[in-house]
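S.K.: The structure file my_file.pdb (PDB, C-alpha atoms, pLDDT in the B column) is provided below.
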ATOM      1  CA  MET H   1      -7.302   4.467   1.847  1.00 78.00           C
ATOM      2  CA  PHE H   2      -4.768   7.307   1.620  1.00 78.00           C
ATOM      3  CA  ASP H   3      -3.000   7.605   4.969  1.00 77.00           C
ATOM      4  CA  THR H   4      -0.603  10.520   5.328  1.00 76.00           C
ATOM      5  CA  GLY H   5       0.493   9.108   8.705  1.00 76.00           C
ATOM      6  CA  ALA H   6       1.601   5.780   7.229  1.00 80.00           C
ATOM      7  CA  SER H   7       5.080   5.497   5.766  1.00 82.00           C
ATOM      8  CA  SER H   8       4.378   2.768   3.223  1.00 85.00           C
ATOM      9  CA  VAL H   9       1.709   0.716   1.477  1.00 90.00           C
ATOM     10  CA  THR H  10       0.133  -1.954   3.661  1.00 89.00           C
ATOM     11  CA  ILE H  11      -2.275  -4.739   2.794  1.00 90.00           C
ATOM     12  CA  SER H  12      -3.829  -7.498   4.894  1.00 90.00           C
ATOM     13  CA  SER H  13      -2.778 -11.118   4.735  1.00 89.00           C
ATOM     14  CA  VAL H  14      -6.193 -11.921   3.195  1.00 91.00           C
ATOM     15  CA  GLU H  15      -5.555  -9.519   0.295  1.00 91.00           C
ATOM     16  CA  ALA H  16      -2.044 -10.926  -0.208  1.00 92.00           C
ATOM     17  CA  GLN H  17      -3.346 -14.501  -0.279  1.00 92.00           C
ATOM     18  CA  PHE H  18      -6.003 -13.507  -2.835  1.00 94.00           C
ATOM     19  CA  MET H  19      -3.327 -11.862  -5.018  1.00 93.00           C
ATOM     20  CA  LEU H  20      -1.051 -14.920  -4.767  1.00 93.00           C
ATOM     21  CA  LYS H  21      -3.890 -17.357  -5.527  1.00 95.00           C
ATOM     22  CA  ASN H  22      -4.984 -15.356  -8.595  1.00 96.00           C
ATOM     23  CA  GLY H  23      -1.519 -14.750 -10.045  1.00 94.00           C
ATOM     24  CA  TYR H  24      -1.270 -11.024  -9.229  1.00 92.00           C
ATOM     25  CA  LEU H  25       1.601 -11.825  -6.875  1.00 93.00           C
ATOM     26  CA  LYS H  26       4.295 -14.430  -7.454  1.00 93.00           C
ATOM     27  CA  SER H  27       6.793 -16.026  -5.093  1.00 90.00           C
ATOM     28  CA  GLU H  28       9.607 -13.898  -6.566  1.00 94.00           C
ATOM     29  CA  ASP H  29       7.668 -10.768  -5.517  1.00 95.00           C
ATOM     30  CA  ILE H  30       8.044 -11.731  -1.840  1.00 92.00           C
ATOM     31  CA  LYS H  31      11.128  -9.941  -0.512  1.00 93.00           C
ATOM     32  CA  GLY H  32      11.256 -10.894   3.182  1.00 92.00           C
ATOM     33  CA  LYS H  33      10.197  -9.857   6.673  1.00 92.00           C
ATOM     34  CA  GLU H  34      10.173  -6.449   8.330  1.00 88.00           C
ATOM     35  CA  TYR H  35       9.169  -4.957  11.642  1.00 85.00           C
ATOM     36  CA  PHE H  36       7.144  -1.769  11.878  1.00 81.00           C
ATOM     37  CA  ALA H  37       5.525   0.477  14.457  1.00 78.00           C
ATOM     38  CA  VAL H  38       1.733   0.782  14.392  1.00 74.00           C
ATOM     39  CA  ALA H  39      -0.300   3.817  15.477  1.00 73.00           C
ATOM     40  CA  THR H  40      -0.554   2.487  19.050  1.00 81.00           C
ATOM     41  CA  GLY H  41       3.244   2.338  19.302  1.00 82.00           C
ATOM     42  CA  GLU H  42       3.361  -1.454  19.264  1.00 83.00           C
ATOM     43  CA  ILE H  43       5.823  -3.277  17.005  1.00 87.00           C
ATOM     44  CA  GLY H  44       4.330  -5.617  14.412  1.00 80.00           C
ATOM     45  CA  GLU H  45       5.801  -8.082  11.957  1.00 84.00           C
ATOM     46  CA  GLY H  46       5.064  -7.951   8.254  1.00 86.00           C
ATOM     47  CA  THR H  47       6.281  -9.306   4.953  1.00 92.00           C
ATOM     48  CA  ILE H  48       7.648  -7.023   2.247  1.00 94.00           C
ATOM     49  CA  ILE H  49       6.347  -7.675  -1.256  1.00 94.00           C
ATOM     50  CA  ARG H  50       6.772  -5.950  -4.596  1.00 95.00           C
ATOM     51  CA  LEU H  51       3.524  -4.881  -6.267  1.00 94.00           C
ATOM     52  CA  LYS H  52       3.844  -4.742 -10.035  1.00 93.00           C
ATOM     53  CA  GLU H  53       1.370  -1.883 -10.358  1.00 92.00           C
ATOM     54  CA  ILE H  54      -0.819   0.457  -8.323  1.00 89.00           C
ATOM     55  CA  LYS H  55      -3.447   2.375 -10.243  1.00 88.00           C
ATOM     56  CA  VAL H  56      -5.624   5.177  -8.887  1.00 83.00           C
ATOM     57  CA  GLY H  57      -7.779   6.716 -11.600  1.00 80.00           C
ATOM     58  CA  ASP H  58      -5.439   7.452 -14.522  1.00 83.00           C
ATOM     59  CA  ALA H  59      -2.321   7.564 -12.314  1.00 83.00           C
ATOM     60  CA  VAL H  60      -0.165   4.421 -12.397  1.00 88.00           C
ATOM     61  CA  LEU H  61       2.886   3.469 -10.321  1.00 89.00           C
ATOM     62  CA  ARG H  62       4.983   0.407 -11.055  1.00 93.00           C
ATOM     63  CA  ASN H  63       7.223  -1.732  -8.842  1.00 93.00           C
ATOM     64  CA  VAL H  64       5.973  -0.526  -5.468  1.00 92.00           C
ATOM     65  CA  ASP H  65       7.138  -2.124  -2.216  1.00 92.00           C
ATOM     66  CA  ALA H  66       4.326  -2.931   0.200  1.00 92.00           C
ATOM     67  CA  SER H  67       3.999  -4.511   3.640  1.00 90.00           C
ATOM     68  CA  VAL H  68       1.692  -7.439   4.222  1.00 91.00           C
ATOM     69  CA  VAL H  69       0.329  -7.035   7.730  1.00 85.00           C
ATOM     70  CA  HIS H  70      -0.242 -10.359   9.442  1.00 80.00           C
ATOM     71  CA  ASN H  71      -3.745  -9.310  10.412  1.00 72.00           C
ATOM     72  CA  GLN H  72      -6.771 -10.369   8.406  1.00 69.00           C
ATOM     73  CA  GLN H  73      -8.662  -7.146   9.085  1.00 74.00           C
ATOM     74  CA  ALA H  74      -5.895  -4.626   8.369  1.00 75.00           C
ATOM     75  CA  PRO H  75      -7.047  -1.922   5.960  1.00 77.00           C
ATOM     76  CA  LEU H  76      -5.383  -1.271   2.627  1.00 83.00           C
ATOM     77  CA  LEU H  77      -3.307   1.860   3.223  1.00 85.00           C
ATOM     78  CA  LEU H  78      -1.437   3.992   0.711  1.00 85.00           C
ATOM     79  CA  GLY H  79       1.189   5.795   2.769  1.00 85.00           C
ATOM     80  CA  GLN H  80       3.855   8.416   2.115  1.00 84.00           C
ATOM     81  CA  SER H  81       6.063   6.173  -0.060  1.00 84.00           C
ATOM     82  CA  VAL H  82       3.254   6.105  -2.669  1.00 85.00           C
ATOM     83  CA  LEU H  83       1.866   9.583  -2.110  1.00 81.00           C
ATOM     84  CA  GLU H  84       5.298  11.070  -2.854  1.00 84.00           C
ATOM     85  CA  ARG H  85       5.573   9.129  -6.116  1.00 85.00           C
ATOM     86  CA  PHE H  86       2.142  10.256  -7.329  1.00 81.00           C
ATOM     87  CA  GLY H  87       3.252  13.888  -7.363  1.00 77.00           C
ATOM     88  CA  THR H  88       0.880  16.681  -6.393  1.00 83.00           C
ATOM     89  CA  ILE H  89      -2.263  15.540  -4.621  1.00 83.00           C
ATOM     90  CA  THR H  90      -5.143  17.918  -3.963  1.00 85.00           C
ATOM     91  CA  ILE H  91      -8.387  17.194  -2.156  1.00 85.00           C
ATOM     92  CA  ASP H  92     -11.411  18.935  -3.649  1.00 88.00           C
ATOM     93  CA  ASN H  93     -13.856  18.827  -0.732  1.00 91.00           C
ATOM     94  CA  ILE H  94     -16.561  20.680  -2.635  1.00 93.00           C
ATOM     95  CA  ASN H  95     -16.768  18.054  -5.384  1.00 91.00           C
ATOM     96  CA  SER H  96     -15.590  15.120  -3.215  1.00 89.00           C
ATOM     97  CA  LYS H  97     -12.611  14.397  -5.496  1.00 85.00           C
ATOM     98  CA  LEU H  98      -8.982  13.526  -5.087  1.00 80.00           C
ATOM     99  CA  VAL H  99      -6.934  15.198  -7.835  1.00 83.00           C
ATOM    100  CA  ILE H 100      -3.542  13.644  -8.703  1.00 81.00           C
ATOM    101  CA  LYS H 101      -1.099  15.519 -10.948  1.00 80.00           C
ATOM    102  CA  GLN H 102       1.902  13.425 -11.929  1.00 71.00           C
TER
END
Show me the file's structure as structure tokens.

M.R.:
Amino acid sequence: MFDTGASSVTISSVEAQFMLKNGYLKSEDIKGKEYFAVATGEIGEGTIIRLKEIKVGDAVLRNVDASVVHNQQAPLLLGQSVLERFGTITIDNINSKLVIKQ
């Protein structure tokens, strides 16, 4: 989910465990802990990882830092750190499309 209010990429602990188990994430991709503010204003703890690749349609980003939220039901969010790297993003409401121009 694209989230213009989020500052970074976040994934749930379930997604991170799946990626680790299936070789998409390796121990050297785990960078350490961080603290972040959630929408309610509370402070949460997460783990910073390096994602080798994020692909949306034909657009590809490599070596993207992401936060693993220690919550099994946290949604996958693509925040400003990724949106900025994709370049120009336009929402075509008429055709229900997201257009990315890198």

S.K.: For the provided coordinates, the residues matched by the PyMOL selection byres ((chain H and resi 19-25) around 12) should be stated as JSON, numbers by chain.

M.R.: {"H": [11, 12, 13, 14, 15, 16, 17, 18, 26, 27, 28, 29, 30, 31, 48, 49, 50, 51, 52, 53, 54, 63, 66, 68]}

S.K.: Can you tell me, as a PyMOL selection string, what residues are no more than 9 Å from Thr4 in chain H when counting only C-alpha atoms, ignoring any on the same chain fewer than 6 positions away?

M.R.: chain H and resi 78-80+83

S.K.: Keeping C-alpha atoms, export the residues of the selection given above as a CSV table (one decimal), in the frame of the given file.

M.R.:
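Result saved to out_1.csv:
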chain,number,residue,atom,x,y,z
H,78,LEU,CA,-1.4,4.0,0.7
H,79,GLY,CA,1.2,5.8,2.8
H,80,GLN,CA,3.9,8.4,2.1
H,83,LEU,CA,1.9,9.6,-2.1

S.K.: For a cut-off of 6 Å around (3.5, -4.3, 10.1), file coordinates, pick out all residues using all atoms listed in the file and list them as a list in words.

M.R.: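 Collected hits near the coordinates: Tyr35, Phe36, Gly44, Glu45, Gly46 and Val69 of chain H.
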
S.K.: Name the residues that the PyMOL selection byres ((chain H and resi 56) around 12) picks from the file above, as a PyMOL selection string, using the file's chain letters and numbers.

M.R.: chain H and resi 1-2+53-55+57-62+78+82-83+86+89+98-102

S.K.: Quick one: distance from CA of Glu34 in chain H to CA of Ala6 in chain H in Å, one decimal?

M.R.: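 So the answer is 15.0 Å.
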
S.K.: Just the number, please: distance in Å from CA of Thr88 in chain H to CA of Ala39 in chain H, one decimal.

M.R.: 25.4 Å

S.K.: Could you tell me which of H:Leu76, H:Asp65, H:Gly32, H:Glu42 comes closest to Thr10 in chain H if we count all atoms listed in the file?

M.R.: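 Checking each candidate against Thr10 in chain H, we get H:Leu76 as the closest.
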
S.K.: In Å, rounded to a single decimal, give me how far CA of Ser81 in chain H is from CA of Lys97 in chain H.

M.R.: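 Atom-to-atom, CA of Lys97 in chain H and CA of Ser81 in chain H are spaced 21.1 Å apart.
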
S.K.: Box time for range 63-80 of chain H: axis-aligned, enclosing all its listed atoms, 5 Å extra on each side; report centre and edge lengths in Å to one decimal, as JSON.

M.R.:
{"center_x": -0.7, "center_y": -1.0, "center_z": 0.8, "size_x": 25.9, "size_y": 28.8, "size_z": 29.3}

S.K.: Take the structure in the block and write a file for range 11-26 of chain H, N, CA and C atoms, as a PDB file, in the first residue's frame.

M.R.:
ATOM      1  N   ILE H  11       7.150  -3.458   6.919  1.00  0.00           N
ATOM      2  CA  ILE H  11       6.562  -4.781   6.708  1.00  0.00           C
ATOM      3  C   ILE H  11       6.323  -5.413   8.073  1.00  0.00           C
ATOM      4  N   SER H  12       5.431  -6.382   8.129  1.00  0.00           N
ATOM      5  CA  SER H  12       5.139  -7.061   9.393  1.00  0.00           C
ATOM      6  C   SER H  12       6.216  -8.095   9.700  1.00  0.00           C
ATOM      7  N   SER H  13       6.236  -8.515  10.948  1.00  0.00           N
ATOM      8  CA  SER H  13       7.186  -9.559  11.343  1.00  0.00           C
ATOM      9  C   SER H  13       6.901 -10.870  10.618  1.00  0.00           C
ATOM     10  N   VAL H  14       5.638 -11.135  10.288  1.00  0.00           N
ATOM     11  CA  VAL H  14       5.270 -12.352   9.553  1.00  0.00           C
ATOM     12  C   VAL H  14       5.903 -12.329   8.161  1.00  0.00           C
ATOM     13  N   GLU H  15       5.795 -11.186   7.476  1.00  0.00           N
ATOM     14  CA  GLU H  15       6.399 -11.065   6.138  1.00  0.00           C
ATOM     15  C   GLU H  15       7.913 -11.215   6.209  1.00  0.00           C
ATOM     16  N   ALA H  16       8.542 -10.615   7.213  1.00  0.00           N
ATOM     17  CA  ALA H  16       9.993 -10.708   7.368  1.00  0.00           C
ATOM     18  C   ALA H  16      10.424 -12.149   7.630  1.00  0.00           C
ATOM     19  N   GLN H  17       9.688 -12.860   8.461  1.00  0.00           N
ATOM     20  CA  GLN H  17      10.016 -14.259   8.735  1.00  0.00           C
ATOM     21  C   GLN H  17       9.874 -15.112   7.479  1.00  0.00           C
ATOM     22  N   PHE H  18       8.840 -14.854   6.679  1.00  0.00           N
ATOM     23  CA  PHE H  18       8.655 -15.570   5.417  1.00  0.00           C
ATOM     24  C   PHE H  18       9.851 -15.309   4.491  1.00  0.00           C
ATOM     25  N   MET H  19      10.268 -14.054   4.393  1.00  0.00           N
ATOM     26  CA  MET H  19      11.393 -13.690   3.519  1.00  0.00           C
ATOM     27  C   MET H  19      12.687 -14.350   3.991  1.00  0.00           C
ATOM     28  N   LEU H  20      12.912 -14.384   5.294  1.00  0.00           N
ATOM     29  CA  LEU H  20      14.108 -15.010   5.858  1.00  0.00           C
ATOM     30  C   LEU H  20      14.095 -16.513   5.610  1.00  0.00           C
ATOM     31  N   LYS H  21      12.963 -17.139   5.854  1.00  0.00           N
ATOM     32  CA  LYS H  21      12.814 -18.597   5.678  1.00  0.00           C
ATOM     33  C   LYS H  21      13.037 -19.018   4.222  1.00  0.00           C
ATOM     34  N   ASN H  22      12.609 -18.176   3.275  1.00  0.00           N
ATOM     35  CA  ASN H  22      12.689 -18.517   1.858  1.00  0.00           C
ATOM     36  C   ASN H  22      13.896 -17.922   1.134  1.00  0.00           C
ATOM     37  N   GLY H  23      14.820 -17.344   1.880  1.00  0.00           N
ATOM     38  CA  GLY H  23      16.069 -16.861   1.293  1.00  0.00           C
ATOM     39  C   GLY H  23      16.010 -15.492   0.626  1.00  0.00           C
ATOM     40  N   TYR H  24      14.877 -14.788   0.755  1.00  0.00           N
ATOM     41  CA  TYR H  24      14.779 -13.438   0.182  1.00  0.00           C
ATOM     42  C   TYR H  24      15.489 -12.416   1.058  1.00  0.00           C
ATOM     43  N   LEU H  25      15.705 -12.788   2.309  1.00  0.00           N
ATOM     44  CA  LEU H  25      16.352 -11.936   3.295  1.00  0.00           C
ATOM     45  C   LEU H  25      17.392 -12.785   3.998  1.00  0.00           C
ATOM     46  N   LYS H  26      18.580 -12.236   4.173  1.00  0.00           N
ATOM     47  CA  LYS H  26      19.660 -12.967   4.836  1.00  0.00           C
ATOM     48  C   LYS H  26      20.069 -12.223   6.096  1.00  0.00           C
TER      49      LYS H  26
END
